[in-house]
Structure formats: structure tokens, C-alpha cells
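Chemist: One file: upload24.pdb (PDB, C-alpha atoms and all ligand atoms).
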MODEL        1
ATOM      1  CA  MET A   1     -25.125 -10.346 -18.132
ATOM      2  CA  THR A   2     -22.324  -9.552 -15.740
ATOM      3  CA  GLN A   3     -21.001 -11.722 -12.947
ATOM      4  CA  GLN A   4     -18.445 -11.383 -10.191
ATOM      5  CA  PHE A   5     -14.879 -12.554 -10.724
ATOM      6  CA  THR A   6     -12.139 -12.984  -8.166
ATOM      7  CA  LEU A   7      -8.523 -12.960  -9.242
ATOM      8  CA  THR A   8      -5.139 -11.865  -8.008
ATOM      9  CA  VAL A   9      -3.652  -8.868  -9.766
ATOM     10  CA  ASN A  10      -0.092  -7.869  -8.963
ATOM     11  CA  GLY A  11      -0.290  -9.745  -5.669
ATOM     12  CA  GLU A  12      -3.619  -8.334  -4.497
ATOM     13  CA  THR A  13      -6.929 -10.162  -4.518
ATOM     14  CA  VAL A  14      -9.509  -8.209  -6.469
ATOM     15  CA  GLN A  15     -13.188  -8.719  -7.166
ATOM     16  CA  VAL A  16     -14.717  -7.258 -10.275
ATOM     17  CA  GLU A  17     -18.125  -7.328 -11.883
ATOM     18  CA  ALA A  18     -17.806  -8.010 -15.592
ATOM     19  CA  ASP A  19     -19.314  -9.718 -18.589
ATOM     20  CA  PRO A  20     -17.759 -13.216 -18.783
ATOM     21  CA  ASP A  21     -16.791 -12.529 -22.391
ATOM     22  CA  ALA A  22     -15.231  -9.130 -21.645
ATOM     23  CA  PRO A  23     -11.509  -9.069 -22.387
ATOM     24  CA  LEU A  24      -9.197  -9.093 -19.379
ATOM     25  CA  LEU A  25      -7.507  -6.035 -20.919
ATOM     26  CA  SER A  26     -10.590  -3.862 -20.580
ATOM     27  CA  VAL A  27     -11.080  -4.907 -16.948
ATOM     28  CA  LEU A  28      -7.441  -4.146 -16.140
ATOM     29  CA  ARG A  29      -7.554  -0.742 -17.804
ATOM     30  CA  ASP A  30     -11.098   0.435 -17.160
ATOM     31  CA  ASP A  31     -12.043  -1.199 -13.854
ATOM     32  CA  LEU A  32      -8.684  -1.551 -12.119
ATOM     33  CA  ASP A  33      -7.058   1.577 -13.596
ATOM     34  CA  LEU A  34      -3.952  -0.331 -14.686
ATOM     35  CA  LYS A  35      -3.119   1.427 -17.932
ATOM     36  CA  GLY A  36       0.207  -0.282 -18.644
ATOM     37  CA  ALA A  37      -1.163  -3.000 -20.899
ATOM     38  CA  ARG A  38      -2.304  -1.343 -24.126
ATOM     39  CA  PHE A  39      -4.856  -2.017 -26.819
ATOM     40  CA  GLY A  40      -3.137  -2.446 -30.168
ATOM     41  CA  CYS A  41      -4.636  -4.940 -32.590
ATOM     42  CA  GLY A  42      -7.235  -6.543 -30.351
ATOM     43  CA  LEU A  43      -6.522  -9.799 -32.147
ATOM     44  CA  GLY A  44      -3.670 -11.341 -30.167
ATOM     45  CA  GLN A  45      -1.141 -10.353 -32.800
ATOM     46  CA  CYS A  46       0.864  -7.356 -31.586
ATOM     47  CA  GLY A  47       1.815  -7.973 -27.955
ATOM     48  CA  ALA A  48       0.920  -4.479 -26.710
ATOM     49  CA  CYS A  49      -1.486  -5.995 -24.188
ATOM     50  CA  PHE A  50       0.744  -8.782 -22.854
ATOM     51  CA  VAL A  51       0.392  -9.735 -19.188
ATOM     52  CA  GLN A  52       1.457 -12.804 -17.257
ATOM     53  CA  LEU A  53      -1.384 -15.110 -16.293
ATOM     54  CA  ASP A  54      -0.346 -17.819 -13.848
ATOM     55  CA  GLY A  55       3.219 -17.250 -15.035
ATOM     56  CA  LYS A  56       2.431 -17.572 -18.745
ATOM     57  CA  VAL A  57       2.526 -14.595 -21.101
ATOM     58  CA  VAL A  58      -0.861 -14.058 -22.726
ATOM     59  CA  SER A  59      -2.507 -11.370 -24.791
ATOM     60  CA  SER A  60      -5.066  -9.837 -22.480
ATOM     61  CA  CYS A  61      -7.069  -8.407 -25.406
ATOM     62  CA  ASP A  62      -8.346 -11.846 -26.327
ATOM     63  CA  THR A  63      -8.371 -13.460 -22.887
ATOM     64  CA  PRO A  64     -12.001 -13.464 -21.715
ATOM     65  CA  MET A  65     -12.791 -12.860 -18.079
ATOM     66  CA  TRP A  66     -14.194 -16.361 -17.689
ATOM     67  CA  ALA A  67     -10.672 -17.653 -18.378
ATOM     68  CA  ALA A  68      -9.129 -15.261 -15.855
ATOM     69  CA  GLU A  69     -11.290 -16.306 -12.900
ATOM     70  CA  GLY A  70      -9.124 -17.506 -10.006
ATOM     71  CA  THR A  71      -5.851 -16.803 -11.779
ATOM     72  CA  SER A  72      -2.877 -14.688 -10.800
ATOM     73  CA  VAL A  73      -2.234 -11.832 -13.213
ATOM     74  CA  VAL A  74       0.928  -9.743 -13.328
ATOM     75  CA  THR A  75       0.959  -6.560 -15.383
ATOM     76  CA  VAL A  76       3.893  -4.305 -16.146
ATOM     77  CA  GLU A  77       2.961  -2.292 -13.038
ATOM     78  CA  GLY A  78       3.501  -5.385 -10.887
ATOM     79  CA  LEU A  79       6.991  -6.155 -12.124
ATOM     80  CA  GLY A  80       8.727  -3.329 -10.320
ATOM     81  CA  SER A  81       8.078  -0.172  -8.405
ATOM     82  CA  GLU A  82       9.405   3.354  -8.408
ATOM     83  CA  GLY A  83      12.895   3.150  -6.951
ATOM     84  CA  ALA A  84      12.993  -0.631  -7.419
ATOM     85  CA  LEU A  85      12.477  -1.200 -11.106
ATOM     86  CA  HIS A  86      12.614  -4.649 -12.653
ATOM     87  CA  PRO A  87      16.008  -5.127 -14.399
ATOM     88  CA  VAL A  88      14.283  -5.044 -17.796
ATOM     89  CA  GLN A  89      12.490  -1.795 -16.927
ATOM     90  CA  GLN A  90      15.772  -0.254 -15.769
ATOM     91  CA  ALA A  91      17.630  -1.411 -18.859
ATOM     92  CA  ILE A  92      14.933  -0.041 -21.188
ATOM     93  CA  LEU A  93      15.340   3.313 -19.465
ATOM     94  CA  ASP A  94      19.143   3.183 -19.457
ATOM     95  CA  GLU A  95      19.262   2.319 -23.154
ATOM     96  CA  GLN A  96      16.562   4.878 -24.004
ATOM     97  CA  ALA A  97      14.998   1.968 -25.839
ATOM     98  CA  ALA A  98      11.479   3.376 -26.093
ATOM     99  CA  GLN A  99      10.451   5.800 -28.794
ATOM    100  CA  CYS A 100       6.679   6.310 -28.645
ATOM    101  CA  GLY A 101       6.517   3.670 -25.903
ATOM    102  CA  TYR A 102       3.274   2.095 -27.028
ATOM    103  CA  CYS A 103       4.741  -1.407 -27.366
ATOM    104  CA  ILE A 104       7.052  -1.214 -24.380
ATOM    105  CA  SER A 105       4.799  -2.561 -21.611
ATOM    106  CA  GLY A 106       4.210  -5.731 -23.595
ATOM    107  CA  VAL A 107       7.895  -5.996 -24.424
ATOM    108  CA  ILE A 108       8.836  -5.682 -20.748
ATOM    109  CA  VAL A 109       6.300  -8.307 -19.668
ATOM    110  CA  ARG A 110       7.547 -10.760 -22.304
ATOM    111  CA  ALA A 111      11.230 -10.038 -21.627
ATOM    112  CA  ALA A 112      10.762 -10.406 -17.868
ATOM    113  CA  ALA A 113       9.257 -13.844 -18.467
ATOM    114  CA  LEU A 114      12.230 -14.725 -20.672
ATOM    115  CA  LEU A 115      14.682 -13.854 -17.885
ATOM    116  CA  GLU A 116      12.785 -16.211 -15.555
ATOM    117  CA  THR A 117      13.656 -19.167 -17.786
ATOM    118  CA  THR A 118      16.807 -17.847 -19.477
ATOM    119  CA  PRO A 119      18.539 -15.510 -17.042
ATOM    120  CA  SER A 120      21.265 -14.350 -19.456
ATOM    121  CA  PRO A 121      19.831 -14.578 -22.977
ATOM    122  CA  ASP A 122      21.875 -13.740 -26.041
ATOM    123  CA  ALA A 123      20.497 -11.496 -28.789
ATOM    124  CA  ASP A 124      19.105 -14.402 -30.803
ATOM    125  CA  GLU A 125      17.198 -15.720 -27.795
ATOM    126  CA  VAL A 126      15.764 -12.253 -27.161
ATOM    127  CA  VAL A 127      14.708 -11.931 -30.801
ATOM    128  CA  ASP A 128      12.956 -15.299 -30.613
ATOM    129  CA  ALA A 129      11.224 -14.401 -27.358
ATOM    130  CA  LEU A 130      10.003 -11.047 -28.655
ATOM    131  CA  ASP A 131       8.798 -12.509 -31.924
ATOM    132  CA  ARG A 132       5.160 -11.634 -31.155
ATOM    133  CA  ASN A 133       5.903  -8.099 -29.915
ATOM    134  CA  LEU A 134       5.453  -5.605 -32.729
ATOM    135  CA  CYS A 135       7.192  -2.229 -32.571
ATOM    136  CA  ARG A 136       6.286   0.250 -35.244
ATOM    137  CA  CYS A 137       8.920   2.801 -34.240
ATOM    138  CA  GLY A 138      11.908   0.780 -35.374
ATOM    139  CA  VAL A 139      13.724   0.674 -32.042
ATOM    140  CA  GLN A 140      13.977  -3.122 -32.010
ATOM    141  CA  ARG A 141      17.777  -3.039 -31.912
ATOM    142  CA  ARG A 142      17.795  -0.904 -28.783
ATOM    143  CA  ILE A 143      15.107  -3.058 -27.176
ATOM    144  CA  ILE A 144      17.102  -6.231 -27.883
ATOM    145  CA  SER A 145      20.284  -4.657 -26.556
ATOM    146  CA  ALA A 146      18.477  -3.534 -23.383
ATOM    147  CA  VAL A 147      17.097  -6.996 -22.674
ATOM    148  CA  VAL A 148      20.513  -8.617 -23.202
ATOM    149  CA  LYS A 149      22.035  -6.087 -20.785
ATOM    150  CA  ALA A 150      19.264  -6.693 -18.249
ATOM    151  CA  GLY A 151      20.089 -10.396 -18.355
ATOM    152  CA  ALA A 152      23.795  -9.756 -17.971
ATOM    153  CA  ARG A 153      23.104  -7.716 -14.825
ATOM    154  CA  THR A 154      20.923 -10.271 -13.066
TER
HETATM  155  S1  LIG A 201      -3.793  -5.683 -28.495
HETATM  156 FE1  LIG A 201      -3.567  -7.667 -27.736
HETATM  157  S2  LIG A 201      -2.143  -8.629 -29.009
HETATM  158 FE2  LIG A 201      -2.516  -6.703 -29.948
HETATM  159  S1  LIG A 202       8.498   2.301 -29.271
HETATM  160 FE1  LIG A 202       6.822   2.932 -30.523
HETATM  161  S2  LIG A 202       5.839   1.082 -31.087
HETATM  162 FE2  LIG A 202       7.631   0.451 -30.059
ENDMDL
END
Can you turn what I pasted into C-alpha cells?
Modeler:
Amino acid sequence: MTQQFTLTVNGETVQVEADPDAPLLSVLRDDLDLKGARFGCGLGQCGACFVQLDGKVVSSCDTPMWAAEGTSVVTVEGLGSEGALHPVQQAILDEQAAQCGYCISGVIVRAAALLETTPSPDADEVVDALDRNLCRCGVQRRIISAVVKAGART
């Protein structure tokens, strides 16, 4: 049985009708048309679906809607805008750090959260922070370099 949920997504209050056990990821993608967060493992193990929920990075694939009620969610779309990209988004572009790009939204969300607490991380700190973000394309070195450069610029 569905019920109505109210939450803030990228600064806007939204109301959605959903099953309480439905994953936040499916509501973001299918109901709110925010396709940045991706479905990878569906088990909280790959980071492709990472979003910030009340400032904490969570896997939206295994966050049920009942746990998202009343929270503030930030997706990769909410971190920057065309012409005013988040420093991590800009650095990923500048470094051409994405290959297929499937993991990149989750990487950006996690790295942006890192810069909130550690504004100029070194490579080891970036590696630690991105420990739960899997990239199957093998561009981890470029991703790490981009995040370090994003920190150096802020
Ligand atoms: S799809 Fe959510 S962690 Fe893999
Ligand atoms: S760029 Fe393809 S999975 Fe990371």
C-alpha cells in the first residue's frame, strides 16, 4: 500500500506517493526524473546510487522511503548547475576522469561530502573516502587526481 511522503530534494519540497518500502533510488529516478543516481548492485555495495541524506552519504538503493520521510536529499544534480559546476564536477571534467561514467555520480556525491569535512584532501584521504565507490573501468587514478585538484582549488 502506498502513502504520501514529503521530503526536500535539492532544495525543493516534494511530495510523492510511494510504497514505504520502496527504495529512495527508484523514487528519485522514476518519480522525480533525477537520473543521476544509478542502480548498480542494489545491495549498498557499489556506491553508484550515493546521495546525501541530511548531509550524510547513503546508498539510495537500500534506503527505504519510510526512512527518507522529512529528510533533505541532495543528488548529483543538486550539487552544481550548468555554468556553475561543483568543484568536483569541474575537476572530473577537466581531468577527463570518467570512462563509461556509470560510477561517476556516486563518486562526485561522496567526494563533495569529503571536501565539506576535509577541504584539501591528499590522495590517501581521497582513496579512503572513495573506498565504497566501485569503478569497473579502471580510471580510479584519474578520479583520485581530480578530487585532489578540486580540493586544491577550493
Ligand atoms: S546500487 Fe546502491 S550501492 Fe550499488
Ligand atoms: S567510469 Fe566506468 S565504472 Fe567508473
Chemist: Would you compute the distance between CA of Leu7 in chain A and CA of Asn133 in chain A? Give it in Å to one decimal.
Modeler: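 Spanning CA of Leu7 in chain A to CA of Asn133 in chain A is a straight-line distance of 25.7 Å.
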Chemist: Please identify every polymer residue within 12 Å of ligand LIG 201 (chain A), using all atoms listed in the file, and present the set as a ChimeraX atom specification.
Modeler: /A:23-26,36-51,57-64,102-103,105-107,110,131-135
Chemist: Just write the chosen residues, C-alpha atoms, as a PDB file, in the coordinates of the input.
Modeler:
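part-v2.pdb was written with the following content:
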ATOM      1  CA  PRO A  23     -11.509  -9.069 -22.387  1.00  0.00           C
ATOM      2  CA  LEU A  24      -9.197  -9.093 -19.379  1.00  0.00           C
ATOM      3  CA  LEU A  25      -7.507  -6.035 -20.919  1.00  0.00           C
ATOM      4  CA  SER A  26     -10.590  -3.862 -20.580  1.00  0.00           C
ATOM      5  CA  GLY A  36       0.207  -0.282 -18.644  1.00  0.00           C
ATOM      6  CA  ALA A  37      -1.163  -3.000 -20.899  1.00  0.00           C
ATOM      7  CA  ARG A  38      -2.304  -1.343 -24.126  1.00  0.00           C
ATOM      8  CA  PHE A  39      -4.856  -2.017 -26.819  1.00  0.00           C
ATOM      9  CA  GLY A  40      -3.137  -2.446 -30.168  1.00  0.00           C
ATOM     10  CA  CYS A  41      -4.636  -4.940 -32.590  1.00  0.00           C
ATOM     11  CA  GLY A  42      -7.235  -6.543 -30.351  1.00  0.00           C
ATOM     12  CA  LEU A  43      -6.522  -9.799 -32.147  1.00  0.00           C
ATOM     13  CA  GLY A  44      -3.670 -11.341 -30.167  1.00  0.00           C
ATOM     14  CA  GLN A  45      -1.141 -10.353 -32.800  1.00  0.00           C
ATOM     15  CA  CYS A  46       0.864  -7.356 -31.586  1.00  0.00           C
ATOM     16  CA  GLY A  47       1.815  -7.973 -27.955  1.00  0.00           C
ATOM     17  CA  ALA A  48       0.920  -4.479 -26.710  1.00  0.00           C
ATOM     18  CA  CYS A  49      -1.486  -5.995 -24.188  1.00  0.00           C
ATOM     19  CA  PHE A  50       0.744  -8.782 -22.854  1.00  0.00           C
ATOM     20  CA  VAL A  51       0.392  -9.735 -19.188  1.00  0.00           C
ATOM     21  CA  VAL A  57       2.526 -14.595 -21.101  1.00  0.00           C
ATOM     22  CA  VAL A  58      -0.861 -14.058 -22.726  1.00  0.00           C
ATOM     23  CA  SER A  59      -2.507 -11.370 -24.791  1.00  0.00           C
ATOM     24  CA  SER A  60      -5.066  -9.837 -22.480  1.00  0.00           C
ATOM     25  CA  CYS A  61      -7.069  -8.407 -25.406  1.00  0.00           C
ATOM     26  CA  ASP A  62      -8.346 -11.846 -26.327  1.00  0.00           C
ATOM     27  CA  THR A  63      -8.371 -13.460 -22.887  1.00  0.00           C
ATOM     28  CA  PRO A  64     -12.001 -13.464 -21.715  1.00  0.00           C
ATOM     29  CA  TYR A 102       3.274   2.095 -27.028  1.00  0.00           C
ATOM     30  CA  CYS A 103       4.741  -1.407 -27.366  1.00  0.00           C
ATOM     31  CA  SER A 105       4.799  -2.561 -21.611  1.00  0.00           C
ATOM     32  CA  GLY A 106       4.210  -5.731 -23.595  1.00  0.00           C
ATOM     33  CA  VAL A 107       7.895  -5.996 -24.424  1.00  0.00           C
ATOM     34  CA  ARG A 110       7.547 -10.760 -22.304  1.00  0.00           C
ATOM     35  CA  ASP A 131       8.798 -12.509 -31.924  1.00  0.00           C
ATOM     36  CA  ARG A 132       5.160 -11.634 -31.155  1.00  0.00           C
ATOM     37  CA  ASN A 133       5.903  -8.099 -29.915  1.00  0.00           C
ATOM     38  CA  LEU A 134       5.453  -5.605 -32.729  1.00  0.00           C
ATOM     39  CA  CYS A 135       7.192  -2.229 -32.571  1.00  0.00           C
TER      40      CYS A 135
END
Chemist: Could you give me, as a Markdown table, every chain A residue with an atom at most 8 Å from ligand LIG 202 (chain A), plus its closest atom pair and distance in Å to one decimal, counting all atoms listed in the file, rows ordered by chain then number?
Modeler:
| residue | atom | partner | partner_atom | distance |
| --- | --- | --- | --- | --- |
| A:Ala97 | CA | A:LIG202 | S1 | 7.4 |
| A:Ala98 | CA | A:LIG202 | S1 | 4.5 |
| A:Gln99 | CA | A:LIG202 | S1 | 4.0 |
| A:Cys100 | CA | A:LIG202 | FE1 | 3.9 |
| A:Gly101 | CA | A:LIG202 | S1 | 4.1 |
| A:Tyr102 | CA | A:LIG202 | S2 | 4.9 |
| A:Cys103 | CA | A:LIG202 | FE2 | 4.4 |
| A:Ile104 | CA | A:LIG202 | FE2 | 5.9 |
| A:Leu134 | CA | A:LIG202 | S2 | 6.9 |
| A:Cys135 | CA | A:LIG202 | FE2 | 3.7 |
| A:Arg136 | CA | A:LIG202 | S2 | 4.3 |
| A:Cys137 | CA | A:LIG202 | FE1 | 4.3 |
| A:Gly138 | CA | A:LIG202 | FE2 | 6.8 |
| A:Val139 | CA | A:LIG202 | S1 | 6.1 |
| A:Gln140 | CA | A:LIG202 | FE2 | 7.5 |
Chemist: Measure the distance from CA of Leu53 in chain A to CA of Trp66 in chain A in Å and round it to one decimal.
Modeler: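 Here the two named atoms are 12.9 Å from each other.
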Chemist: How many Å separate CA of Val109 in chain A from CA of Val88 in chain A?
Modeler: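 Atom-to-atom, CA of Val109 in chain A and CA of Val88 in chain A are spaced 8.8 Å apart.
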Chemist: Give me the result of the PyMOL selection byres (((chain A and resi 15) around 8) and not hetatm) on this file, residue by residue, as a ChimeraX atom specification.
Modeler: /A:4-7,13-14,16-17
Chemist: Once the PyMOL selection byres (((chain A and resi 9) around 8) and not hetatm) is applied to the coordinates I shared, what remains selected? I want it as a ChimeraX atom specification.
Modeler: /A:7-8,10-14,72-75
Chemist: Of the residues A:Ala22, A:Val127, A:Ala146, A:Ile108, which is the one nearest to Ala67 in chain A, using all atoms listed in the file?
Modeler: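 For Ala67 in chain A, the nearest of the given residues is A:Ala22.
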Chemist: Where does the PyMOL selection byres (((chain A and resi 113-120) around 6) and not hetatm) land in this file, that is, which residues does it pick, as a list in words?
Modeler: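 So the PyMOL selection byres (((chain A and resi 113-120) around 6) and not hetatm) ends up selecting Arg110, Ala111, Ala112, Pro121, Gly151 and Ala152 of chain A.
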Chemist: Extract, using all atoms listed in the file, all DNA, RNA and protein residues at most 9 Å from Arg153 in chain A, discarding same-chain residues fewer than 4 positions from it, and format them as a PyMOL selection string.
Modeler: chain A and resi 87+120+148-149
Chemist: Looking at all atoms listed in the file, which of A:Ala68, A:Val76, A:Ala129, A:Met1 is the one that sits closest to Lys35 in chain A?
Modeler: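 Going through A:Ala68, A:Val76, A:Ala129, A:Met1 one by one, the smallest distance to Lys35 in chain A is for A:Val76.
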Chemist: Around all listed atoms of range 9-27 of chain A, padded 3 Å per side, what centre and edge lengths does the axis-aligned box have in Å to one decimal, as lines of an AutoDock Vina configuration file?
Modeler:
center_x = -9.7
center_y = -8.5
center_z = -13.4
size_x = 25.2
size_y = 15.4
size_z = 23.9
Chemist: Pick from A:Asp94, A:Glu82, A:Glu77, A:Asp128: nearest to Leu34 in chain A, with all atoms listed in the file counted?
Modeler: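 Residue with the minimum atom-to-atom distance to Leu34 in chain A: A:Glu77.
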Chemist: With a distance cut-off of 8 Å and all atoms listed in the file, select the neighbouring residues of Glu95 in chain A, excluding the residue or stretch itself and same-chain residues fewer than 6 positions from it, and output the selection as an mmCIF file with C-alpha atoms, keeping the file's coordinate frame.
Modeler:
data_model
loop_
_atom_site.group_PDB
_atom_site.id
_atom_site.type_symbol
_atom_site.label_atom_id
_atom_site.label_comp_id
_atom_site.auth_asym_id
_atom_site.auth_seq_id
_atom_site.Cartn_x
_atom_site.Cartn_y
_atom_site.Cartn_z
ATOM 1 C CA ARG A 142 17.795 -0.904 -28.783
ATOM 2 C CA ILE A 143 15.107 -3.058 -27.176
ATOM 3 C CA SER A 145 20.284 -4.657 -26.556
ATOM 4 C CA ALA A 146 18.477 -3.534 -23.383
#
Chemist: Could range 35-51 of chain A be completed with N, CA and C atoms and written as a PDB file, keeping the file's coordinate frame, please?
Modeler:
ATOM      1  N   LYS A  35      -3.163   1.003 -16.522  1.00  0.00           N
ATOM      2  CA  LYS A  35      -3.119   1.427 -17.932  1.00  0.00           C
ATOM      3  C   LYS A  35      -1.862   0.960 -18.658  1.00  0.00           C
ATOM      4  N   GLY A  36      -1.039   0.155 -18.011  1.00  0.00           N
ATOM      5  CA  GLY A  36       0.207  -0.282 -18.644  1.00  0.00           C
ATOM      6  C   GLY A  36      -0.020  -1.132 -19.870  1.00  0.00           C
ATOM      7  N   ALA A  37      -0.842  -2.166 -19.742  1.00  0.00           N
ATOM      8  CA  ALA A  37      -1.163  -3.000 -20.899  1.00  0.00           C
ATOM      9  C   ALA A  37      -2.001  -2.161 -21.862  1.00  0.00           C
ATOM     10  N   ARG A  38      -1.661  -2.234 -23.160  1.00  0.00           N
ATOM     11  CA  ARG A  38      -2.304  -1.343 -24.126  1.00  0.00           C
ATOM     12  C   ARG A  38      -3.109  -2.112 -25.157  1.00  0.00           C
ATOM     13  N   PHE A  39      -4.077  -1.437 -25.721  1.00  0.00           N
ATOM     14  CA  PHE A  39      -4.856  -2.017 -26.819  1.00  0.00           C
ATOM     15  C   PHE A  39      -4.176  -1.660 -28.132  1.00  0.00           C
ATOM     16  N   GLY A  40      -3.731  -2.681 -28.852  1.00  0.00           N
ATOM     17  CA  GLY A  40      -3.137  -2.446 -30.168  1.00  0.00           C
ATOM     18  C   GLY A  40      -4.033  -3.009 -31.244  1.00  0.00           C
ATOM     19  N   CYS A  41      -3.869  -4.308 -31.515  1.00  0.00           N
ATOM     20  CA  CYS A  41      -4.636  -4.940 -32.590  1.00  0.00           C
ATOM     21  C   CYS A  41      -5.971  -5.497 -32.122  1.00  0.00           C
ATOM     22  N   GLY A  42      -6.022  -5.898 -30.847  1.00  0.00           N
ATOM     23  CA  GLY A  42      -7.235  -6.543 -30.351  1.00  0.00           C
ATOM     24  C   GLY A  42      -7.426  -7.955 -30.862  1.00  0.00           C
ATOM     25  N   LEU A  43      -6.405  -8.489 -31.495  1.00  0.00           N
ATOM     26  CA  LEU A  43      -6.522  -9.799 -32.147  1.00  0.00           C
ATOM     27  C   LEU A  43      -5.450 -10.786 -31.681  1.00  0.00           C
ATOM     28  N   GLY A  44      -4.719 -10.447 -30.648  1.00  0.00           N
ATOM     29  CA  GLY A  44      -3.670 -11.341 -30.167  1.00  0.00           C
ATOM     30  C   GLY A  44      -2.439 -11.365 -31.052  1.00  0.00           C
ATOM     31  N   GLN A  45      -2.228 -10.296 -31.816  1.00  0.00           N
ATOM     32  CA  GLN A  45      -1.141 -10.353 -32.800  1.00  0.00           C
ATOM     33  C   GLN A  45      -0.039  -9.321 -32.621  1.00  0.00           C
ATOM     34  N   CYS A  46      -0.160  -8.413 -31.651  1.00  0.00           N
ATOM     35  CA  CYS A  46       0.864  -7.356 -31.586  1.00  0.00           C
ATOM     36  C   CYS A  46       1.638  -7.318 -30.269  1.00  0.00           C
ATOM     37  N   GLY A  47       1.094  -7.906 -29.224  1.00  0.00           N
ATOM     38  CA  GLY A  47       1.815  -7.973 -27.955  1.00  0.00           C
ATOM     39  C   GLY A  47       1.696  -6.743 -27.063  1.00  0.00           C
ATOM     40  N   ALA A  48       1.008  -5.701 -27.520  1.00  0.00           N
ATOM     41  CA  ALA A  48       0.920  -4.479 -26.710  1.00  0.00           C
ATOM     42  C   ALA A  48       0.196  -4.715 -25.389  1.00  0.00           C
ATOM     43  N   CYS A  49      -0.638  -5.744 -25.358  1.00  0.00           N
ATOM     44  CA  CYS A  49      -1.486  -5.995 -24.188  1.00  0.00           C
ATOM     45  C   CYS A  49      -0.977  -7.153 -23.330  1.00  0.00           C
ATOM     46  N   PHE A  50       0.255  -7.599 -23.559  1.00  0.00           N
ATOM     47  CA  PHE A  50       0.744  -8.782 -22.854  1.00  0.00           C
ATOM     48  C   PHE A  50       0.735  -8.591 -21.332  1.00  0.00           C
ATOM     49  N   VAL A  51       0.281  -9.628 -20.654  1.00  0.00           N
ATOM     50  CA  VAL A  51       0.392  -9.735 -19.188  1.00  0.00           C
ATOM     51  C   VAL A  51       0.793 -11.184 -18.897  1.00  0.00           C
TER      52      VAL A  51
END
